[in-house]
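Reviewing the structure listed below.
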Amino acid sequence: MARDTTDQTPVTSVADLTAYLASGSKPKEQFRIGTEHEKFAFFKADNSPVPYFGEASIQALLKGMAERNGWEPIVDEGNIIGLADRSGNGAISLEPGGQFELSGAPLENLHQTCKESNQHLAVLREIAEPLGIGFLGVGGSPKWSFAETPRMPKSRYAIMTRYMPKVGTKGLDMMYRTCTIQVNLDFSSEEDMRRKMQVSMKLQPLATAFFASSPFTEGKPNGLLSWRGDIWRDTDNQRAGLLPAAFSPGFGFVDYVEWALDVPMYFVVRGGHYHDCTHITFRQFMNGALKGEIAEWQPNMGDWTNHLSTLFPDVRLKRFLEMRGADGGPWRRICALPAFWVGLLYDDDALTAAEQLTRDWTLEEVQLLRDTVPAQALRAQLGTRSLFDIGREVLAISRSGLKRRSRLNGDGIDESQFLAPLEEVLAKKATLAEDLLTLYNGRWSESVEPIFAEYQY
């Protein structure tokens, strides 16, 4: 999330919170695609991480981007921690370890999405190259220890850093040493949200498998293909993972709200200051738990939207749906991830076909898949079928959905072209993680150093 919000509208009931989510419903012709991607910043001279402060730094990158783009700086306790497009169509934000994130504008088609990410990376290179900085697109930090990884001066992250070790073993790795590609997609009604939530929740492990690109930790193979996927298995399981309620036939906005109400909060923002609220749930907050602790103790809609941004299920519901299962990756994958989900969820026939395919998948089966995918990727099994077989079928559904959408570029080519990286995975029967391991054991002579040169943007 680029910026924590301040909306003073009072919150008095569960109905208020539910209405906020429902207000995201929009006509199909207004559906948009919002793509986010994160990358690791490193110094090209020695592949070391880039600190926040200094002449060549994350701060210098942000200031350079602000001057170049004319975007508005986002400031936290006097430090620039992000940028916002003044027209509201996108933002640049920092993850806790300095991972640089573009939260893209809501766009109409994937051709625009790909152009946007390409332009962002071109401008970023223009600012970064004089500073000797490059950017790596993979799912997990391949070289740096946790101690070597910088800390960004962002108030919410200080609260999270203190809290994470209390609720899981891998939360700090999630914060500081992972990168993702995500896409945000719209729904037209509660029923449409339910269908998309259920299909995409069941298929997130497949996305994790397709995009697996994090086989290294601290310079060595870690025994996994998606280290990032494994990290999410024990980050903070009260707020992360599969959402059992989403597997219910009658799942609706209020079910998500009722779940979210009982998840511990991270913070509330008052007068620009972050108050640690990890000791209470949002439901307790609504019942007056902060009375006497802070002056403005009554909850408002800004508090609710901020709380929603601190929940980490595999598919996150706000006034849109966020697909959260994929590792970060090279540039073509920034286009492939939204293409995969748009093809499945934005075409009626494709959504119906995906529903039919996944109809009988139980919570227990999907959980088992989610648990085995980090190590096995597309070799994981669902019942008697491998994810390779299921992946072929799902990719065919997505491809047909994109073709039926018929959004053509200037050369008359439709959006299905952006699925090429995933078609290559199936053709080779190898994920990017497996390609990286082959290089490590072969041409790279058991070193991860070449990944920085060969896989930088």
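By order in the structure tokens, chains are A, B, ...; within a chain, residues start at 1; ligands start at 1, following the order shown.
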
Run DSSP on the backbone and grab whatever in stretch 59-219 of chain A lands in helix (DSSP H, G or I); send it over as a VMD selection string.
chain A and resid 59 to 69 110 to 131 155 to 167 171 to 177 190 to 210

Would you put the residues from that selection into a file with C-alpha atoms, as a CSV table (one decimal), in the first residue's frame?
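Output saved as again_15.csv:
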chain,number,residue,atom,x,y,z
A,59,GLN,CA,16.0,8.2,-0.5
A,60,ALA,CA,18.0,9.6,-3.5
A,61,LEU,CA,16.0,7.3,-5.9
A,62,LEU,CA,12.7,8.6,-4.6
A,63,LYS,CA,13.8,12.2,-4.7
A,64,GLY,CA,15.1,11.7,-8.3
A,65,MET,CA,11.8,10.0,-9.3
A,66,ALA,CA,9.8,12.8,-7.8
A,67,GLU,CA,11.7,15.4,-9.8
A,68,ARG,CA,11.5,13.4,-13.0
A,69,ASN,CA,7.8,12.4,-12.7
A,110,LEU,CA,-3.0,-5.5,-20.6
A,111,HIS,CA,-1.2,-3.7,-23.4
A,112,GLN,CA,-1.5,-0.6,-21.2
A,113,THR,CA,-0.3,-2.5,-18.2
A,114,CYS,CA,2.8,-3.7,-20.0
A,115,LYS,CA,3.6,-0.3,-21.3
A,116,GLU,CA,3.2,1.2,-17.9
A,117,SER,CA,5.7,-1.2,-16.3
A,118,ASN,CA,8.1,-0.7,-19.1
A,119,GLN,CA,8.0,3.1,-18.8
A,120,HIS,CA,8.4,2.9,-15.0
A,121,LEU,CA,11.5,0.7,-15.3
A,122,ALA,CA,12.9,3.0,-18.0
A,123,VAL,CA,12.5,6.1,-15.8
A,124,LEU,CA,13.8,4.2,-12.8
A,125,ARG,CA,17.0,3.1,-14.7
A,126,GLU,CA,17.5,6.7,-15.8
A,127,ILE,CA,17.6,7.8,-12.1
A,128,ALA,CA,19.4,4.7,-10.8
A,129,GLU,CA,22.3,4.2,-13.3
A,130,PRO,CA,24.2,7.4,-12.3
A,131,LEU,CA,24.0,6.1,-8.7
A,155,SER,CA,6.3,3.9,11.0
A,156,ARG,CA,4.0,1.0,10.2
A,157,TYR,CA,7.0,-1.3,9.5
A,158,ALA,CA,8.5,-0.6,12.9
A,159,ILE,CA,5.3,-1.7,14.6
A,160,MET,CA,5.1,-4.8,12.3
A,161,THR,CA,8.8,-5.7,13.0
A,162,ARG,CA,8.2,-5.8,16.7
A,163,TYR,CA,5.0,-7.8,16.3
A,164,MET,CA,5.9,-10.4,13.7
A,165,PRO,CA,8.1,-12.6,15.8
A,166,LYS,CA,5.2,-13.0,18.3
A,167,VAL,CA,2.9,-14.6,15.8
A,171,GLY,CA,7.2,-12.8,9.3
A,172,LEU,CA,10.4,-10.8,9.2
A,173,ASP,CA,11.6,-12.7,6.1
A,174,MET,CA,8.3,-11.9,4.5
A,175,MET,CA,8.7,-8.2,5.2
A,176,TYR,CA,12.4,-7.8,4.4
A,177,ARG,CA,13.4,-10.5,2.0
A,190,GLU,CA,-21.6,-9.6,-4.2
A,191,GLU,CA,-22.2,-12.8,-6.3
A,192,ASP,CA,-19.5,-11.8,-8.8
A,193,MET,CA,-17.1,-11.1,-5.9
A,194,ARG,CA,-17.9,-14.5,-4.4
A,195,ARG,CA,-17.3,-16.4,-7.7
A,196,LYS,CA,-14.0,-14.6,-8.3
A,197,MET,CA,-12.9,-15.0,-4.7
A,198,GLN,CA,-13.6,-18.7,-4.7
A,199,VAL,CA,-12.0,-19.5,-8.0
A,200,SER,CA,-8.9,-17.4,-7.4
A,201,MET,CA,-8.4,-18.6,-3.8
A,202,LYS,CA,-8.4,-22.2,-5.0
A,203,LEU,CA,-6.0,-21.3,-7.9
A,204,GLN,CA,-3.5,-19.2,-5.9
A,205,PRO,CA,-1.2,-22.3,-5.3
A,206,LEU,CA,-1.1,-22.8,-9.0
A,207,ALA,CA,0.1,-19.1,-9.4
A,208,THR,CA,2.7,-19.7,-6.8
A,209,ALA,CA,3.9,-22.8,-8.7
A,210,PHE,CA,3.9,-21.0,-12.2

Neighbouring residues of A:Lys39 were defined as those with any atom within 9 Å, considering only C-alpha atoms; residues of the same chain fewer than 5 positions away were excluded. Please report them as a PyMOL selection string.
chain A and resi 98-101+135-139+178-180+328-329+457

Once you have the residues from the selection above, write them out as an mmCIF file, in the first residue's frame, restricted to N, CA and C atoms.
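The resulting file, selection-v5.cif, is shown below:
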data_model
loop_
_atom_site.group_PDB
_atom_site.id
_atom_site.type_symbol
_atom_site.label_atom_id
_atom_site.label_comp_id
_atom_site.auth_asym_id
_atom_site.auth_seq_id
_atom_site.Cartn_x
_atom_site.Cartn_y
_atom_site.Cartn_z
ATOM 1 N N GLY A 98 13.520 -2.163 1.673
ATOM 2 C CA GLY A 98 13.919 -1.312 0.558
ATOM 3 C C GLY A 98 13.438 -1.810 -0.791
ATOM 4 N N GLN A 99 12.636 -2.894 -0.799
ATOM 5 C CA GLN A 99 12.069 -3.341 -2.073
ATOM 6 C C GLN A 99 11.247 -2.181 -2.644
ATOM 7 N N PHE A 100 11.482 -1.904 -3.913
ATOM 8 C CA PHE A 100 10.901 -0.734 -4.586
ATOM 9 C C PHE A 100 9.655 -1.201 -5.324
ATOM 10 N N GLU A 101 8.507 -0.609 -5.021
ATOM 11 C CA GLU A 101 7.241 -1.097 -5.577
ATOM 12 C C GLU A 101 6.534 -0.034 -6.414
ATOM 13 N N PHE A 135 18.264 -3.212 -10.352
ATOM 14 C CA PHE A 135 17.082 -3.806 -9.734
ATOM 15 C C PHE A 135 16.918 -5.245 -10.188
ATOM 16 N N LEU A 136 16.635 -6.105 -9.232
ATOM 17 C CA LEU A 136 16.504 -7.534 -9.481
ATOM 18 C C LEU A 136 15.065 -7.968 -9.272
ATOM 19 N N GLY A 137 14.533 -8.733 -10.245
ATOM 20 C CA GLY A 137 13.169 -9.231 -10.130
ATOM 21 C C GLY A 137 13.131 -10.736 -9.903
ATOM 22 N N VAL A 138 13.124 -11.157 -8.637
ATOM 23 C CA VAL A 138 12.885 -12.551 -8.250
ATOM 24 C C VAL A 138 12.059 -12.530 -6.965
ATOM 25 N N GLY A 139 11.606 -13.697 -6.516
ATOM 26 C CA GLY A 139 10.674 -13.743 -5.397
ATOM 27 C C GLY A 139 11.297 -13.630 -4.023
ATOM 28 N N THR A 178 11.337 -10.654 0.608
ATOM 29 C CA THR A 178 10.530 -11.201 -0.501
ATOM 30 C C THR A 178 10.057 -10.091 -1.433
ATOM 31 N N CYS A 179 9.750 -10.484 -2.667
ATOM 32 C CA CYS A 179 9.139 -9.597 -3.659
ATOM 33 C C CYS A 179 8.027 -10.347 -4.375
ATOM 34 N N THR A 180 7.023 -9.595 -4.811
ATOM 35 C CA THR A 180 5.861 -10.196 -5.465
ATOM 36 C C THR A 180 5.442 -9.383 -6.681
ATOM 37 N N GLY A 328 7.854 -12.496 -7.249
ATOM 38 C CA GLY A 328 8.317 -11.513 -8.221
ATOM 39 C C GLY A 328 9.069 -12.206 -9.350
ATOM 40 N N GLY A 329 9.360 -11.449 -10.394
ATOM 41 C CA GLY A 329 10.057 -12.056 -11.526
ATOM 42 C C GLY A 329 10.483 -11.029 -12.546
ATOM 43 N N TYR A 457 16.492 -5.851 -14.185
ATOM 44 C CA TYR A 457 15.572 -5.241 -15.149
ATOM 45 C C TYR A 457 16.353 -4.380 -16.139
#

When you draw a straight line from atom CA of A:Arg333 to atom CA of A:Gln182, how long is it in Å?
10.5 Å

Among the residues of stretch 174-235 of chain A, find those DSSP assigns to strand (DSSP E or B) from the backbone and print them as a ChimeraX atom specification.
/A:178,180-185,214,216-217,220-221,226

Prev. selection, N, CA and C atoms, output as a PDB file, in the first residue's frame:
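Saved file result18.pdb follows:
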ATOM      1  N   THR A 178      11.337 -10.654   0.608  1.00  0.00           N
ATOM      2  CA  THR A 178      10.530 -11.201  -0.501  1.00  0.00           C
ATOM      3  C   THR A 178      10.057 -10.091  -1.433  1.00  0.00           C
ATOM      4  N   THR A 180       7.023  -9.595  -4.811  1.00  0.00           N
ATOM      5  CA  THR A 180       5.861 -10.196  -5.465  1.00  0.00           C
ATOM      6  C   THR A 180       5.442  -9.383  -6.681  1.00  0.00           C
ATOM      7  N   ILE A 181       4.621 -10.014  -7.519  1.00  0.00           N
ATOM      8  CA  ILE A 181       3.824  -9.323  -8.538  1.00  0.00           C
ATOM      9  C   ILE A 181       2.372  -9.593  -8.178  1.00  0.00           C
ATOM     10  N   GLN A 182       1.546  -8.571  -8.129  1.00  0.00           N
ATOM     11  CA  GLN A 182       0.131  -8.722  -7.792  1.00  0.00           C
ATOM     12  C   GLN A 182      -0.730  -8.006  -8.833  1.00  0.00           C
ATOM     13  N   VAL A 183      -1.986  -8.423  -8.887  1.00  0.00           N
ATOM     14  CA  VAL A 183      -2.933  -7.692  -9.730  1.00  0.00           C
ATOM     15  C   VAL A 183      -4.216  -7.481  -8.937  1.00  0.00           C
ATOM     16  N   ASN A 184      -4.802  -6.305  -9.097  1.00  0.00           N
ATOM     17  CA  ASN A 184      -6.048  -5.926  -8.441  1.00  0.00           C
ATOM     18  C   ASN A 184      -7.150  -5.891  -9.500  1.00  0.00           C
ATOM     19  N   LEU A 185      -8.236  -6.609  -9.224  1.00  0.00           N
ATOM     20  CA  LEU A 185      -9.310  -6.759 -10.207  1.00  0.00           C
ATOM     21  C   LEU A 185     -10.671  -6.447  -9.581  1.00  0.00           C
ATOM     22  N   SER A 214      12.227 -18.278  -6.272  1.00  0.00           N
ATOM     23  CA  SER A 214      13.009 -17.935  -5.069  1.00  0.00           C
ATOM     24  C   SER A 214      13.682 -19.173  -4.473  1.00  0.00           C
ATOM     25  N   PHE A 216      16.928 -19.494  -3.703  1.00  0.00           N
ATOM     26  CA  PHE A 216      18.183 -19.223  -2.996  1.00  0.00           C
ATOM     27  C   PHE A 216      17.936 -18.408  -1.730  1.00  0.00           C
ATOM     28  N   THR A 217      18.703 -18.694  -0.686  1.00  0.00           N
ATOM     29  CA  THR A 217      18.734 -17.890   0.534  1.00  0.00           C
ATOM     30  C   THR A 217      20.181 -17.766   0.980  1.00  0.00           C
ATOM     31  N   LYS A 220      22.885 -19.634  -1.155  1.00  0.00           N
ATOM     32  CA  LYS A 220      22.841 -21.084  -1.373  1.00  0.00           C
ATOM     33  C   LYS A 220      21.424 -21.533  -1.737  1.00  0.00           C
ATOM     34  N   PRO A 221      21.289 -22.668  -2.447  1.00  0.00           N
ATOM     35  CA  PRO A 221      19.953 -23.232  -2.648  1.00  0.00           C
ATOM     36  C   PRO A 221      19.303 -23.517  -1.290  1.00  0.00           C
ATOM     37  N   SER A 226       9.806 -22.027  -4.378  1.00  0.00           N
ATOM     38  CA  SER A 226       9.259 -20.742  -3.946  1.00  0.00           C
ATOM     39  C   SER A 226       9.482 -20.603  -2.445  1.00  0.00           C
TER      40      SER A 226
END

Two-atom distance - atom CA of A:Asp16, atom CA of A:Phe253 (Å):
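These two atoms are separated by 11.4 Å.
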
Given the choices A:Glu95, A:Asp327, A:Asp435, A:Glu423, which gets closest to A:Phe211 if the distance is worked out from only C-alpha atoms?
A:Asp327

In Å, rounded to a single decimal, give me how far atom CA of A:Leu243 is from atom CA of A:Gln298.
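The value is 28.4 Å.
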
Would you mind telling me which residue in A:Met286, A:Val315, A:Ala45, A:Leu426 lies nearest to A:Val14 when using only C-alpha atoms?
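Nearest candidate to A:Val14 out of A:Met286, A:Val315, A:Ala45, A:Leu426: A:Met286.
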
Given only C-alpha atoms as the basis, pick out the residue of A:Tyr266, A:Trp259, A:Trp341, A:Trp227 nearest to A:Val373.
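That would be A:Trp227, the residue with the smallest distance to A:Val373.
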
With distances taken over only C-alpha atoms, which of A:Arg239, A:Arg319, A:His37, A:His273 is nearest to A:Arg332?
A:His37

If we count only C-alpha atoms, what is near A:Leu419 at a cut-off of 10 Å, once residues fewer than 4 positions away on the same chain are taken out, given as number ranges by chain?
A: 332-333, 335-340, 343, 395-396, 398-399, 402, 415, 423-424

Only C-alpha atoms, please: the residues just picked out, written as a compact mmCIF listing (two decimals), in the first residue's frame.
# COMPACT_ATOMS: atom_id res chain seq x y z
CA ARG A 332 7.75 -10.28 -18.95
CA ARG A 333 6.23 -11.80 -15.82
CA CYS A 335 2.68 -8.67 -17.75
CA ALA A 336 2.05 -12.43 -17.44
CA LEU A 337 0.62 -12.37 -13.91
CA PRO A 338 -2.24 -9.95 -14.62
CA ALA A 339 -2.83 -11.68 -17.98
CA PHE A 340 -3.29 -15.02 -16.22
CA GLY A 343 -8.17 -14.19 -18.71
CA LEU A 395 -3.83 -21.71 -18.93
CA ALA A 396 -5.99 -22.81 -21.87
CA SER A 398 -7.18 -18.07 -19.45
CA ARG A 399 -5.92 -17.88 -23.04
CA LEU A 402 -8.17 -13.20 -23.23
CA GLU A 415 -3.72 -9.89 -24.83
CA GLU A 423 3.48 -21.37 -21.83
CA GLU A 424 7.29 -21.63 -21.85
